[in-house]
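Q: So that you have it, the file is upload-v8.pdb, and it contains PDB, N, CA and C atoms, pLDDT in the B column:
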```
MODEL        1
ATOM      1  N   MET A1272      14.405 -49.341 -29.030  1.00 71.00           N
ATOM      2  CA  MET A1272      15.163 -50.287 -28.249  1.00 71.00           C
ATOM      3  C   MET A1272      16.469 -49.628 -27.831  1.00 71.00           C
ATOM      4  N   ASN A1273      16.821 -49.799 -26.580  1.00 68.00           N
ATOM      5  CA  ASN A1273      18.096 -49.331 -26.055  1.00 68.00           C
ATOM      6  C   ASN A1273      18.831 -50.511 -25.445  1.00 68.00           C
ATOM      7  N   PHE A1274      20.148 -50.528 -25.552  1.00 74.00           N
ATOM      8  CA  PHE A1274      20.908 -51.598 -24.915  1.00 74.00           C
ATOM      9  C   PHE A1274      22.268 -51.070 -24.505  1.00 74.00           C
ATOM     10  N   GLU A1275      22.905 -51.820 -23.624  1.00 84.00           N
ATOM     11  CA  GLU A1275      24.282 -51.537 -23.255  1.00 84.00           C
ATOM     12  C   GLU A1275      24.996 -52.865 -23.064  1.00 84.00           C
ATOM     13  N   ILE A1276      26.271 -52.887 -23.306  1.00 79.00           N
ATOM     14  CA  ILE A1276      27.085 -54.085 -23.127  1.00 79.00           C
ATOM     15  C   ILE A1276      27.721 -54.008 -21.749  1.00 79.00           C
ATOM     16  N   ILE A1277      27.526 -55.069 -20.958  1.00 82.00           N
ATOM     17  CA  ILE A1277      28.076 -55.095 -19.603  1.00 82.00           C
ATOM     18  C   ILE A1277      28.929 -56.351 -19.429  1.00 82.00           C
ATOM     19  N   GLU A1278      29.662 -56.401 -18.364  1.00 87.00           N
ATOM     20  CA  GLU A1278      30.449 -57.592 -18.040  1.00 87.00           C
ATOM     21  C   GLU A1278      29.495 -58.719 -17.654  1.00 87.00           C
ATOM     22  N   LYS A1279      29.844 -59.941 -18.040  1.00 88.00           N
ATOM     23  CA  LYS A1279      29.005 -61.082 -17.692  1.00 88.00           C
ATOM     24  C   LYS A1279      28.818 -61.183 -16.186  1.00 88.00           C
ATOM     25  N   SER A1280      29.868 -60.861 -15.430  1.00 90.00           N
ATOM     26  CA  SER A1280      29.785 -60.942 -13.970  1.00 90.00           C
ATOM     27  C   SER A1280      28.759 -59.963 -13.390  1.00 90.00           C
ATOM     28  N   ASP A1281      28.387 -58.945 -14.136  1.00 89.00           N
ATOM     29  CA  ASP A1281      27.394 -57.972 -13.676  1.00 89.00           C
ATOM     30  C   ASP A1281      25.963 -58.368 -14.060  1.00 89.00           C
ATOM     31  N   ALA A1282      25.814 -59.417 -14.841  1.00 86.00           N
ATOM     32  CA  ALA A1282      24.496 -59.861 -15.288  1.00 86.00           C
ATOM     33  C   ALA A1282      23.936 -60.896 -14.313  1.00 86.00           C
ATOM     34  N   PRO A1283      22.605 -60.955 -14.166  1.00 85.00           N
ATOM     35  CA  PRO A1283      22.018 -61.984 -13.307  1.00 85.00           C
ATOM     36  C   PRO A1283      22.214 -63.367 -13.919  1.00 85.00           C
ATOM     37  N   ALA A1284      22.169 -64.380 -13.079  1.00 81.00           N
ATOM     38  CA  ALA A1284      22.315 -65.761 -13.556  1.00 81.00           C
ATOM     39  C   ALA A1284      21.160 -66.108 -14.487  1.00 81.00           C
ATOM     40  N   GLN A1285      21.446 -66.966 -15.446  1.00 73.00           N
ATOM     41  CA  GLN A1285      20.407 -67.417 -16.369  1.00 73.00           C
ATOM     42  C   GLN A1285      19.556 -68.475 -15.679  1.00 73.00           C
ATOM     43  N   GLY A1286      18.266 -68.435 -15.931  1.00 69.00           N
ATOM     44  CA  GLY A1286      17.350 -69.385 -15.314  1.00 69.00           C
ATOM     45  C   GLY A1286      17.420 -70.759 -15.956  1.00 69.00           C
ATOM     46  N   PRO A1287      16.716 -71.719 -15.380  1.00 63.00           N
ATOM     47  CA  PRO A1287      16.744 -73.095 -15.901  1.00 63.00           C
ATOM     48  C   PRO A1287      16.112 -73.225 -17.280  1.00 63.00           C
ATOM     49  N   GLU A1288      15.321 -72.253 -17.699  1.00 60.00           N
ATOM     50  CA  GLU A1288      14.696 -72.296 -19.015  1.00 60.00           C
ATOM     51  C   GLU A1288      15.634 -71.805 -20.111  1.00 60.00           C
ATOM     52  N   ARG A1289      16.870 -71.511 -19.745  1.00 52.00           N
ATOM     53  CA  ARG A1289      17.824 -70.932 -20.689  1.00 52.00           C
ATOM     54  C   ARG A1289      17.914 -71.734 -21.973  1.00 52.00           C
ATOM     55  N   ARG A1290      18.088 -73.002 -21.843  1.00 56.00           N
ATOM     56  CA  ARG A1290      18.164 -73.854 -23.030  1.00 56.00           C
ATOM     57  C   ARG A1290      17.060 -74.887 -22.937  1.00 56.00           C
ATOM     58  N   LYS A1291      16.106 -74.744 -23.794  1.00 60.00           N
ATOM     59  CA  LYS A1291      15.013 -75.703 -23.798  1.00 60.00           C
ATOM     60  C   LYS A1291      15.495 -76.989 -24.451  1.00 60.00           C
ATOM     61  N   ARG A1292      14.887 -78.064 -24.054  1.00 67.00           N
ATOM     62  CA  ARG A1292      15.246 -79.352 -24.639  1.00 67.00           C
ATOM     63  C   ARG A1292      14.949 -79.364 -26.130  1.00 67.00           C
ATOM     64  N   ARG A1293      15.783 -80.034 -26.846  1.00 77.00           N
ATOM     65  CA  ARG A1293      15.535 -80.185 -28.275  1.00 77.00           C
ATOM     66  C   ARG A1293      14.460 -81.232 -28.479  1.00 77.00           C
ATOM     67  N   ASN A1294      13.613 -80.995 -29.448  1.00 85.00           N
ATOM     68  CA  ASN A1294      12.525 -81.910 -29.749  1.00 85.00           C
ATOM     69  C   ASN A1294      13.059 -82.997 -30.687  1.00 85.00           C
ATOM     70  N   PRO A1295      13.122 -84.248 -30.211  1.00 89.00           N
ATOM     71  CA  PRO A1295      13.679 -85.326 -31.049  1.00 89.00           C
ATOM     72  C   PRO A1295      12.942 -85.501 -32.374  1.00 89.00           C
ATOM     73  N   ALA A1296      11.626 -85.278 -32.379  1.00 91.00           N
ATOM     74  CA  ALA A1296      10.869 -85.436 -33.623  1.00 91.00           C
ATOM     75  C   ALA A1296      11.286 -84.384 -34.649  1.00 91.00           C
ATOM     76  N   ILE A1297      11.517 -83.159 -34.195  1.00 93.00           N
ATOM     77  CA  ILE A1297      11.955 -82.102 -35.110  1.00 93.00           C
ATOM     78  C   ILE A1297      13.371 -82.385 -35.579  1.00 93.00           C
ATOM     79  N   GLU A1298      14.234 -82.832 -34.687  1.00 93.00           N
ATOM     80  CA  GLU A1298      15.607 -83.192 -35.068  1.00 93.00           C
ATOM     81  C   GLU A1298      15.581 -84.260 -36.165  1.00 93.00           C
ATOM     82  N   GLU A1299      14.747 -85.280 -35.985  1.00 93.00           N
ATOM     83  CA  GLU A1299      14.662 -86.363 -36.971  1.00 93.00           C
ATOM     84  C   GLU A1299      14.111 -85.852 -38.296  1.00 93.00           C
ATOM     85  N   MET A1300      13.022 -85.065 -38.228  1.00 94.00           N
ATOM     86  CA  MET A1300      12.391 -84.562 -39.446  1.00 94.00           C
ATOM     87  C   MET A1300      13.361 -83.712 -40.266  1.00 94.00           C
ATOM     88  N   VAL A1301      14.037 -82.772 -39.606  1.00 94.00           N
ATOM     89  CA  VAL A1301      14.978 -81.906 -40.321  1.00 94.00           C
ATOM     90  C   VAL A1301      16.124 -82.740 -40.893  1.00 94.00           C
ATOM     91  N   GLY A1302      16.557 -83.748 -40.170  1.00 93.00           N
ATOM     92  CA  GLY A1302      17.616 -84.621 -40.674  1.00 93.00           C
ATOM     93  C   GLY A1302      17.211 -85.367 -41.935  1.00 93.00           C
ATOM     94  N   LEU A1303      15.912 -85.647 -42.065  1.00 93.00           N
ATOM     95  CA  LEU A1303      15.419 -86.381 -43.234  1.00 93.00           C
ATOM     96  C   LEU A1303      15.080 -85.484 -44.419  1.00 93.00           C
ATOM     97  N   LEU A1304      15.005 -84.174 -44.185  1.00 93.00           N
ATOM     98  CA  LEU A1304      14.678 -83.259 -45.287  1.00 93.00           C
ATOM     99  C   LEU A1304      15.806 -83.239 -46.306  1.00 93.00           C
ATOM    100  N   GLU A1305      15.417 -83.234 -47.549  1.00 89.00           N
ATOM    101  CA  GLU A1305      16.369 -83.093 -48.649  1.00 89.00           C
ATOM    102  C   GLU A1305      15.655 -82.379 -49.781  1.00 89.00           C
ATOM    103  N   PRO A1306      16.409 -81.771 -50.694  1.00 87.00           N
ATOM    104  CA  PRO A1306      15.766 -81.056 -51.798  1.00 87.00           C
ATOM    105  C   PRO A1306      14.782 -81.965 -52.547  1.00 87.00           C
ATOM    106  N   GLY A1307      13.610 -81.426 -52.841  1.00 89.00           N
ATOM    107  CA  GLY A1307      12.589 -82.186 -53.560  1.00 89.00           C
ATOM    108  C   GLY A1307      11.624 -82.925 -52.649  1.00 89.00           C
ATOM    109  N   LYS A1308      11.873 -82.924 -51.341  1.00 92.00           N
ATOM    110  CA  LYS A1308      10.992 -83.573 -50.375  1.00 92.00           C
ATOM    111  C   LYS A1308      10.431 -82.516 -49.435  1.00 92.00           C
ATOM    112  N   VAL A1309       9.188 -82.697 -48.998  1.00 94.00           N
ATOM    113  CA  VAL A1309       8.526 -81.757 -48.098  1.00 94.00           C
ATOM    114  C   VAL A1309       7.948 -82.534 -46.923  1.00 94.00           C
ATOM    115  N   ALA A1310       8.118 -82.007 -45.723  1.00 95.00           N
ATOM    116  CA  ALA A1310       7.503 -82.599 -44.532  1.00 95.00           C
ATOM    117  C   ALA A1310       6.142 -81.942 -44.326  1.00 95.00           C
ATOM    118  N   ARG A1311       5.126 -82.755 -44.110  1.00 95.00           N
ATOM    119  CA  ARG A1311       3.793 -82.258 -43.782  1.00 95.00           C
ATOM    120  C   ARG A1311       3.603 -82.498 -42.284  1.00 95.00           C
ATOM    121  N   ILE A1312       3.338 -81.446 -41.533  1.00 94.00           N
ATOM    122  CA  ILE A1312       3.327 -81.505 -40.080  1.00 94.00           C
ATOM    123  C   ILE A1312       1.936 -81.163 -39.567  1.00 94.00           C
ATOM    124  N   LYS A1313       1.327 -82.104 -38.859  1.00 93.00           N
ATOM    125  CA  LYS A1313       0.018 -81.867 -38.248  1.00 93.00           C
ATOM    126  C   LYS A1313       0.255 -81.457 -36.804  1.00 93.00           C
ATOM    127  N   LEU A1314      -0.267 -80.312 -36.426  1.00 91.00           N
ATOM    128  CA  LEU A1314      -0.106 -79.811 -35.070  1.00 91.00           C
ATOM    129  C   LEU A1314      -1.072 -80.517 -34.126  1.00 91.00           C
ATOM    130  N   ASP A1315      -0.615 -80.789 -32.906  1.00 89.00           N
ATOM    131  CA  ASP A1315      -1.508 -81.280 -31.868  1.00 89.00           C
ATOM    132  C   ASP A1315      -2.439 -80.142 -31.469  1.00 89.00           C
ATOM    133  N   GLU A1316      -3.549 -80.464 -30.824  1.00 89.00           N
ATOM    134  CA  GLU A1316      -4.534 -79.443 -30.470  1.00 89.00           C
ATOM    135  C   GLU A1316      -3.955 -78.333 -29.611  1.00 89.00           C
ATOM    136  N   ASP A1317      -2.988 -78.660 -28.745  1.00 89.00           N
ATOM    137  CA  ASP A1317      -2.427 -77.668 -27.832  1.00 89.00           C
ATOM    138  C   ASP A1317      -1.180 -76.975 -28.385  1.00 89.00           C
ATOM    139  N   GLU A1318      -0.798 -77.286 -29.623  1.00 88.00           N
ATOM    140  CA  GLU A1318       0.401 -76.685 -30.216  1.00 88.00           C
ATOM    141  C   GLU A1318       0.050 -75.458 -31.039  1.00 88.00           C
ATOM    142  N   LYS A1319       0.937 -74.490 -30.985  1.00 90.00           N
ATOM    143  CA  LYS A1319       0.803 -73.293 -31.810  1.00 90.00           C
ATOM    144  C   LYS A1319       1.915 -73.344 -32.861  1.00 90.00           C
ATOM    145  N   PRO A1320       1.666 -72.837 -34.063  1.00 92.00           N
ATOM    146  CA  PRO A1320       2.646 -72.957 -35.137  1.00 92.00           C
ATOM    147  C   PRO A1320       3.951 -72.195 -34.907  1.00 92.00           C
ATOM    148  N   ARG A1321       3.865 -71.007 -34.363  1.00 92.00           N
ATOM    149  CA  ARG A1321       5.065 -70.159 -34.277  1.00 92.00           C
ATOM    150  C   ARG A1321       6.233 -70.812 -33.522  1.00 92.00           C
ATOM    151  N   PRO A1322       6.022 -71.360 -32.308  1.00 92.00           N
ATOM    152  CA  PRO A1322       7.152 -71.987 -31.615  1.00 92.00           C
ATOM    153  C   PRO A1322       7.745 -73.164 -32.402  1.00 92.00           C
ATOM    154  N   LEU A1323       6.880 -73.935 -33.086  1.00 92.00           N
ATOM    155  CA  LEU A1323       7.379 -75.053 -33.880  1.00 92.00           C
ATOM    156  C   LEU A1323       8.209 -74.563 -35.052  1.00 92.00           C
ATOM    157  N   VAL A1324       7.731 -73.508 -35.714  1.00 94.00           N
ATOM    158  CA  VAL A1324       8.470 -72.952 -36.848  1.00 94.00           C
ATOM    159  C   VAL A1324       9.855 -72.488 -36.389  1.00 94.00           C
ATOM    160  N   GLU A1325       9.915 -71.812 -35.253  1.00 93.00           N
ATOM    161  CA  GLU A1325      11.203 -71.353 -34.722  1.00 93.00           C
ATOM    162  C   GLU A1325      12.127 -72.525 -34.429  1.00 93.00           C
ATOM    163  N   GLN A1326      11.576 -73.609 -33.837  1.00 93.00           N
ATOM    164  CA  GLN A1326      12.394 -74.788 -33.553  1.00 93.00           C
ATOM    165  C   GLN A1326      12.910 -75.415 -34.840  1.00 93.00           C
ATOM    166  N   ILE A1327      12.075 -75.443 -35.862  1.00 95.00           N
ATOM    167  CA  ILE A1327      12.492 -76.027 -37.140  1.00 95.00           C
ATOM    168  C   ILE A1327      13.613 -75.199 -37.758  1.00 95.00           C
ATOM    169  N   PHE A1328      13.472 -73.872 -37.745  1.00 94.00           N
ATOM    170  CA  PHE A1328      14.527 -73.003 -38.278  1.00 94.00           C
ATOM    171  C   PHE A1328      15.839 -73.214 -37.526  1.00 94.00           C
ATOM    172  N   LYS A1329      15.768 -73.238 -36.197  1.00 92.00           N
ATOM    173  CA  LYS A1329      16.984 -73.397 -35.380  1.00 92.00           C
ATOM    174  C   LYS A1329      17.622 -74.767 -35.599  1.00 92.00           C
ATOM    175  N   THR A1330      16.796 -75.792 -35.699  1.00 93.00           N
ATOM    176  CA  THR A1330      17.325 -77.131 -35.942  1.00 93.00           C
ATOM    177  C   THR A1330      17.989 -77.192 -37.311  1.00 93.00           C
ATOM    178  N   GLY A1331      17.371 -76.576 -38.305  1.00 93.00           N
ATOM    179  CA  GLY A1331      17.982 -76.528 -39.629  1.00 93.00           C
ATOM    180  C   GLY A1331      19.328 -75.839 -39.583  1.00 93.00           C
ATOM    181  N   ALA A1332      19.402 -74.717 -38.891  1.00 92.00           N
ATOM    182  CA  ALA A1332      20.666 -73.976 -38.798  1.00 92.00           C
ATOM    183  C   ALA A1332      21.750 -74.818 -38.135  1.00 92.00           C
ATOM    184  N   ARG A1333      21.382 -75.538 -37.062  1.00 91.00           N
ATOM    185  CA  ARG A1333      22.364 -76.404 -36.396  1.00 91.00           C
ATOM    186  C   ARG A1333      22.858 -77.516 -37.310  1.00 91.00           C
ATOM    187  N   ASN A1334      21.999 -77.925 -38.241  1.00 90.00           N
ATOM    188  CA  ASN A1334      22.343 -79.015 -39.148  1.00 90.00           C
ATOM    189  C   ASN A1334      22.868 -78.523 -40.493  1.00 90.00           C
ATOM    190  N   GLY A1335      23.113 -77.221 -40.600  1.00 91.00           N
ATOM    191  CA  GLY A1335      23.668 -76.671 -41.830  1.00 91.00           C
ATOM    192  C   GLY A1335      22.693 -76.639 -42.983  1.00 91.00           C
ATOM    193  N   LYS A1336      21.404 -76.578 -42.682  1.00 92.00           N
ATOM    194  CA  LYS A1336      20.385 -76.560 -43.723  1.00 92.00           C
ATOM    195  C   LYS A1336      19.580 -75.276 -43.636  1.00 92.00           C
ATOM    196  N   ILE A1337      19.167 -74.781 -44.780  1.00 93.00           N
ATOM    197  CA  ILE A1337      18.217 -73.681 -44.826  1.00 93.00           C
ATOM    198  C   ILE A1337      16.855 -74.326 -45.057  1.00 93.00           C
ATOM    199  N   VAL A1338      15.955 -74.105 -44.121  1.00 94.00           N
ATOM    200  CA  VAL A1338      14.645 -74.745 -44.180  1.00 94.00           C
ATOM    201  C   VAL A1338      13.572 -73.666 -44.328  1.00 94.00           C
ATOM    202  N   ASP A1339      12.663 -73.873 -45.262  1.00 95.00           N
ATOM    203  CA  ASP A1339      11.525 -72.982 -45.457  1.00 95.00           C
ATOM    204  C   ASP A1339      10.304 -73.655 -44.840  1.00 95.00           C
ATOM    205  N   VAL A1340       9.500 -72.892 -44.111  1.00 95.00           N
ATOM    206  CA  VAL A1340       8.312 -73.439 -43.457  1.00 95.00           C
ATOM    207  C   VAL A1340       7.124 -72.540 -43.787  1.00 95.00           C
ATOM    208  N   TRP A1341       5.993 -73.167 -44.105  1.00 95.00           N
ATOM    209  CA  TRP A1341       4.787 -72.398 -44.361  1.00 95.00           C
ATOM    210  C   TRP A1341       3.579 -73.154 -43.811  1.00 95.00           C
ATOM    211  N   GLU A1342       2.482 -72.410 -43.621  1.00 94.00           N
ATOM    212  CA  GLU A1342       1.260 -72.978 -43.052  1.00 94.00           C
ATOM    213  C   GLU A1342       0.125 -72.850 -44.053  1.00 94.00           C
ATOM    214  N   VAL A1343      -0.618 -73.947 -44.225  1.00 94.00           N
ATOM    215  CA  VAL A1343      -1.800 -73.949 -45.088  1.00 94.00           C
ATOM    216  C   VAL A1343      -2.833 -74.878 -44.453  1.00 94.00           C
ATOM    217  N   GLY A1344      -4.012 -74.350 -44.233  1.00 90.00           N
ATOM    218  CA  GLY A1344      -5.109 -75.186 -43.740  1.00 90.00           C
ATOM    219  C   GLY A1344      -4.838 -75.875 -42.417  1.00 90.00           C
ATOM    220  N   GLY A1345      -4.131 -75.229 -41.519  1.00 88.00           N
ATOM    221  CA  GLY A1345      -3.852 -75.815 -40.210  1.00 88.00           C
ATOM    222  C   GLY A1345      -2.690 -76.791 -40.195  1.00 88.00           C
ATOM    223  N   LEU A1346      -2.058 -77.001 -41.330  1.00 91.00           N
ATOM    224  CA  LEU A1346      -0.878 -77.865 -41.412  1.00 91.00           C
ATOM    225  C   LEU A1346       0.355 -77.006 -41.674  1.00 91.00           C
ATOM    226  N   LEU A1347       1.489 -77.468 -41.177  1.00 93.00           N
ATOM    227  CA  LEU A1347       2.766 -76.834 -41.517  1.00 93.00           C
ATOM    228  C   LEU A1347       3.453 -77.689 -42.556  1.00 93.00           C
ATOM    229  N   PHE A1348       4.199 -77.039 -43.417  1.00 95.00           N
ATOM    230  CA  PHE A1348       5.000 -77.731 -44.421  1.00 95.00           C
ATOM    231  C   PHE A1348       6.423 -77.201 -44.319  1.00 95.00           C
ATOM    232  N   ALA A1349       7.389 -78.094 -44.423  1.00 95.00           N
ATOM    233  CA  ALA A1349       8.791 -77.689 -44.324  1.00 95.00           C
ATOM    234  C   ALA A1349       9.573 -78.364 -45.436  1.00 95.00           C
ATOM    235  N   GLU A1350      10.476 -77.580 -46.027  1.00 95.00           N
ATOM    236  CA  GLU A1350      11.359 -78.151 -47.056  1.00 95.00           C
ATOM    237  C   GLU A1350      12.752 -77.577 -46.916  1.00 95.00           C
ATOM    238  N   GLN A1351      13.732 -78.378 -47.293  1.00 94.00           N
ATOM    239  CA  GLN A1351      15.104 -77.908 -47.327  1.00 94.00           C
ATOM    240  C   GLN A1351      15.289 -77.132 -48.605  1.00 94.00           C
ATOM    241  N   VAL A1352      15.701 -75.878 -48.470  1.00 90.00           N
ATOM    242  CA  VAL A1352      15.892 -75.038 -49.645  1.00 90.00           C
ATOM    243  C   VAL A1352      17.238 -75.342 -50.276  1.00 90.00           C
ATOM    244  N   THR A1353      18.268 -75.374 -49.460  1.00 71.00           N
ATOM    245  CA  THR A1353      19.602 -75.631 -49.965  1.00 71.00           C
ATOM    246  C   THR A1353      20.506 -75.992 -48.792  1.00 71.00           C
ATOM    247  N   ASP A1354      21.632 -76.601 -49.076  1.00 52.00           N
ATOM    248  CA  ASP A1354      22.645 -76.845 -48.048  1.00 52.00           C
ATOM    249  C   ASP A1354      23.496 -75.606 -47.905  1.00 52.00           C
ATOM    250  N   ARG A1355      23.951 -75.340 -46.687  1.00 54.00           N
ATOM    251  CA  ARG A1355      24.911 -74.248 -46.479  1.00 54.00           C
ATOM    252  C   ARG A1355      26.291 -74.813 -46.749  1.00 54.00           C
ATOM    253  N   ASP A1356      27.106 -74.026 -47.400  1.00 52.00           N
ATOM    254  CA  ASP A1356      28.477 -74.476 -47.688  1.00 52.00           C
ATOM    255  C   ASP A1356      29.405 -74.143 -46.552  1.00 52.00           C
TER     256      ASP A1356
ENDMDL
END
```
Let me see whether you can do it: turn the structure in this file into structure tokens.

A:
Amino acid sequence: MNFEIIEKSDAPAQGPERRKRRNPAIEEMVGLLEPGKVARIKLDEDEKPRPLVEQIFKTGARNGKIVDVWEVGGLLFAEQVTDRD
């Protein structure tokens, strides 16, 4: 990987996909997570686990939570590991 730091004015404009909408269901689920509780998540037929896992991690970070996510038997499981201080 190679990179260089340039002035923002020299970079192309960001497209409309820059910030994807937050998923209200994920926001609610992460808000309800607490130590000792686990969310069991059933994926819709057209959903893939990886994008959901990334959204859960990002939502946890925004909410000051460390969230662990794992997949077993086509289901995702998420738990709050600890609060960030």

Q: Using DSSP on the backbone coordinates, identify all residues within chain A classified as strand (DSSP E); present the result as a list in words.

A: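 Output for chain A, strand (DSSP E) only: Val1309, Ala1310, Arg1311, Ile1312, Lys1313, Lys1336, Ile1337, Val1338, Asp1339, Val1340, Trp1341, Glu1342, Val1343, Leu1346, Leu1347, Phe1348, Ala1349, Glu1350, Gln1351, Val1352, Thr1353 and Asp1354 of chain A.
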
Q: Write out the residues from the selection above, keeping N, CA and C atoms, as a CSV table (one decimal), in the frame of the given file.

A:
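Writing done, so here's selection-v5.csv:
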```csv
chain,number,residue,atom,x,y,z
A,1309,VAL,N,9.2,-82.7,-49.0
A,1309,VAL,CA,8.5,-81.8,-48.1
A,1309,VAL,C,7.9,-82.5,-46.9
A,1310,ALA,N,8.1,-82.0,-45.7
A,1310,ALA,CA,7.5,-82.6,-44.5
A,1310,ALA,C,6.1,-81.9,-44.3
A,1311,ARG,N,5.1,-82.8,-44.1
A,1311,ARG,CA,3.8,-82.3,-43.8
A,1311,ARG,C,3.6,-82.5,-42.3
A,1312,ILE,N,3.3,-81.4,-41.5
A,1312,ILE,CA,3.3,-81.5,-40.1
A,1312,ILE,C,1.9,-81.2,-39.6
A,1313,LYS,N,1.3,-82.1,-38.9
A,1313,LYS,CA,0.0,-81.9,-38.2
A,1313,LYS,C,0.3,-81.5,-36.8
A,1336,LYS,N,21.4,-76.6,-42.7
A,1336,LYS,CA,20.4,-76.6,-43.7
A,1336,LYS,C,19.6,-75.3,-43.6
A,1337,ILE,N,19.2,-74.8,-44.8
A,1337,ILE,CA,18.2,-73.7,-44.8
A,1337,ILE,C,16.9,-74.3,-45.1
A,1338,VAL,N,16.0,-74.1,-44.1
A,1338,VAL,CA,14.6,-74.7,-44.2
A,1338,VAL,C,13.6,-73.7,-44.3
A,1339,ASP,N,12.7,-73.9,-45.3
A,1339,ASP,CA,11.5,-73.0,-45.5
A,1339,ASP,C,10.3,-73.7,-44.8
A,1340,VAL,N,9.5,-72.9,-44.1
A,1340,VAL,CA,8.3,-73.4,-43.5
A,1340,VAL,C,7.1,-72.5,-43.8
A,1341,TRP,N,6.0,-73.2,-44.1
A,1341,TRP,CA,4.8,-72.4,-44.4
A,1341,TRP,C,3.6,-73.2,-43.8
A,1342,GLU,N,2.5,-72.4,-43.6
A,1342,GLU,CA,1.3,-73.0,-43.1
A,1342,GLU,C,0.1,-72.8,-44.1
A,1343,VAL,N,-0.6,-73.9,-44.2
A,1343,VAL,CA,-1.8,-73.9,-45.1
A,1343,VAL,C,-2.8,-74.9,-44.5
A,1346,LEU,N,-2.1,-77.0,-41.3
A,1346,LEU,CA,-0.9,-77.9,-41.4
A,1346,LEU,C,0.4,-77.0,-41.7
A,1347,LEU,N,1.5,-77.5,-41.2
A,1347,LEU,CA,2.8,-76.8,-41.5
A,1347,LEU,C,3.5,-77.7,-42.6
A,1348,PHE,N,4.2,-77.0,-43.4
A,1348,PHE,CA,5.0,-77.7,-44.4
A,1348,PHE,C,6.4,-77.2,-44.3
A,1349,ALA,N,7.4,-78.1,-44.4
A,1349,ALA,CA,8.8,-77.7,-44.3
A,1349,ALA,C,9.6,-78.4,-45.4
A,1350,GLU,N,10.5,-77.6,-46.0
A,1350,GLU,CA,11.4,-78.2,-47.1
A,1350,GLU,C,12.8,-77.6,-46.9
A,1351,GLN,N,13.7,-78.4,-47.3
A,1351,GLN,CA,15.1,-77.9,-47.3
A,1351,GLN,C,15.3,-77.1,-48.6
A,1352,VAL,N,15.7,-75.9,-48.5
A,1352,VAL,CA,15.9,-75.0,-49.6
A,1352,VAL,C,17.2,-75.3,-50.3
A,1353,THR,N,18.3,-75.4,-49.5
A,1353,THR,CA,19.6,-75.6,-50.0
A,1353,THR,C,20.5,-76.0,-48.8
A,1354,ASP,N,21.6,-76.6,-49.1
A,1354,ASP,CA,22.6,-76.8,-48.0
A,1354,ASP,C,23.5,-75.6,-47.9
```

Q: So what does the PyMOL selection byres (((chain A and resi 1298 and name CA) around 12) and name CA) actually pick up in this one, as a ChimeraX atom specification?

A: /A:1292-1297,1299-1304,1323,1326-1334,1336

Q: Convert the output of the PyMOL selection byres ((chain A and resi 1338-1345) around 7) on the shown file into explicit residues, formatted as a ChimeraX atom specification.

A: /A:1312-1314,1324,1327-1328,1331-1332,1336-1337,1346-1353

Q: Go ahead and dump the residues you just picked, N, CA and C atoms, as a CSV table (one decimal), keeping the file's coordinate frame.

A:
```csv
chain,number,residue,atom,x,y,z
A,1312,ILE,N,3.3,-81.4,-41.5
A,1312,ILE,CA,3.3,-81.5,-40.1
A,1312,ILE,C,1.9,-81.2,-39.6
A,1313,LYS,N,1.3,-82.1,-38.9
A,1313,LYS,CA,0.0,-81.9,-38.2
A,1313,LYS,C,0.3,-81.5,-36.8
A,1314,LEU,N,-0.3,-80.3,-36.4
A,1314,LEU,CA,-0.1,-79.8,-35.1
A,1314,LEU,C,-1.1,-80.5,-34.1
A,1324,VAL,N,7.7,-73.5,-35.7
A,1324,VAL,CA,8.5,-73.0,-36.8
A,1324,VAL,C,9.9,-72.5,-36.4
A,1327,ILE,N,12.1,-75.4,-35.9
A,1327,ILE,CA,12.5,-76.0,-37.1
A,1327,ILE,C,13.6,-75.2,-37.8
A,1328,PHE,N,13.5,-73.9,-37.7
A,1328,PHE,CA,14.5,-73.0,-38.3
A,1328,PHE,C,15.8,-73.2,-37.5
A,1331,GLY,N,17.4,-76.6,-38.3
A,1331,GLY,CA,18.0,-76.5,-39.6
A,1331,GLY,C,19.3,-75.8,-39.6
A,1332,ALA,N,19.4,-74.7,-38.9
A,1332,ALA,CA,20.7,-74.0,-38.8
A,1332,ALA,C,21.8,-74.8,-38.1
A,1336,LYS,N,21.4,-76.6,-42.7
A,1336,LYS,CA,20.4,-76.6,-43.7
A,1336,LYS,C,19.6,-75.3,-43.6
A,1337,ILE,N,19.2,-74.8,-44.8
A,1337,ILE,CA,18.2,-73.7,-44.8
A,1337,ILE,C,16.9,-74.3,-45.1
A,1346,LEU,N,-2.1,-77.0,-41.3
A,1346,LEU,CA,-0.9,-77.9,-41.4
A,1346,LEU,C,0.4,-77.0,-41.7
A,1347,LEU,N,1.5,-77.5,-41.2
A,1347,LEU,CA,2.8,-76.8,-41.5
A,1347,LEU,C,3.5,-77.7,-42.6
A,1348,PHE,N,4.2,-77.0,-43.4
A,1348,PHE,CA,5.0,-77.7,-44.4
A,1348,PHE,C,6.4,-77.2,-44.3
A,1349,ALA,N,7.4,-78.1,-44.4
A,1349,ALA,CA,8.8,-77.7,-44.3
A,1349,ALA,C,9.6,-78.4,-45.4
A,1350,GLU,N,10.5,-77.6,-46.0
A,1350,GLU,CA,11.4,-78.2,-47.1
A,1350,GLU,C,12.8,-77.6,-46.9
A,1351,GLN,N,13.7,-78.4,-47.3
A,1351,GLN,CA,15.1,-77.9,-47.3
A,1351,GLN,C,15.3,-77.1,-48.6
A,1352,VAL,N,15.7,-75.9,-48.5
A,1352,VAL,CA,15.9,-75.0,-49.6
A,1352,VAL,C,17.2,-75.3,-50.3
A,1353,THR,N,18.3,-75.4,-49.5
A,1353,THR,CA,19.6,-75.6,-50.0
A,1353,THR,C,20.5,-76.0,-48.8
```

Q: Quote the spacing between atom N of Gly1335 in chain A and atom C of Asp1315 in chain A in Å to one decimal place.

A: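 Value for the atom N of Gly1335 in chain A-atom C of Asp1315 in chain A distance: 27.3 Å.
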
Q: Residues of chain A classed as helix (DSSP H, G or I) by DSSP on the backbone are to be reported as a list in words.

A: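 Here is the list: Lys1279, Ser1280, Asp1281, Pro1295, Ala1296, Ile1297, Glu1298, Glu1299, Met1300, Val1301, Gly1302, Leu1303, Pro1320, Arg1321, Pro1322, Leu1323, Val1324, Glu1325, Gln1326, Ile1327, Phe1328, Lys1329, Thr1330, Gly1331, Ala1332 and Arg1333 of chain A.
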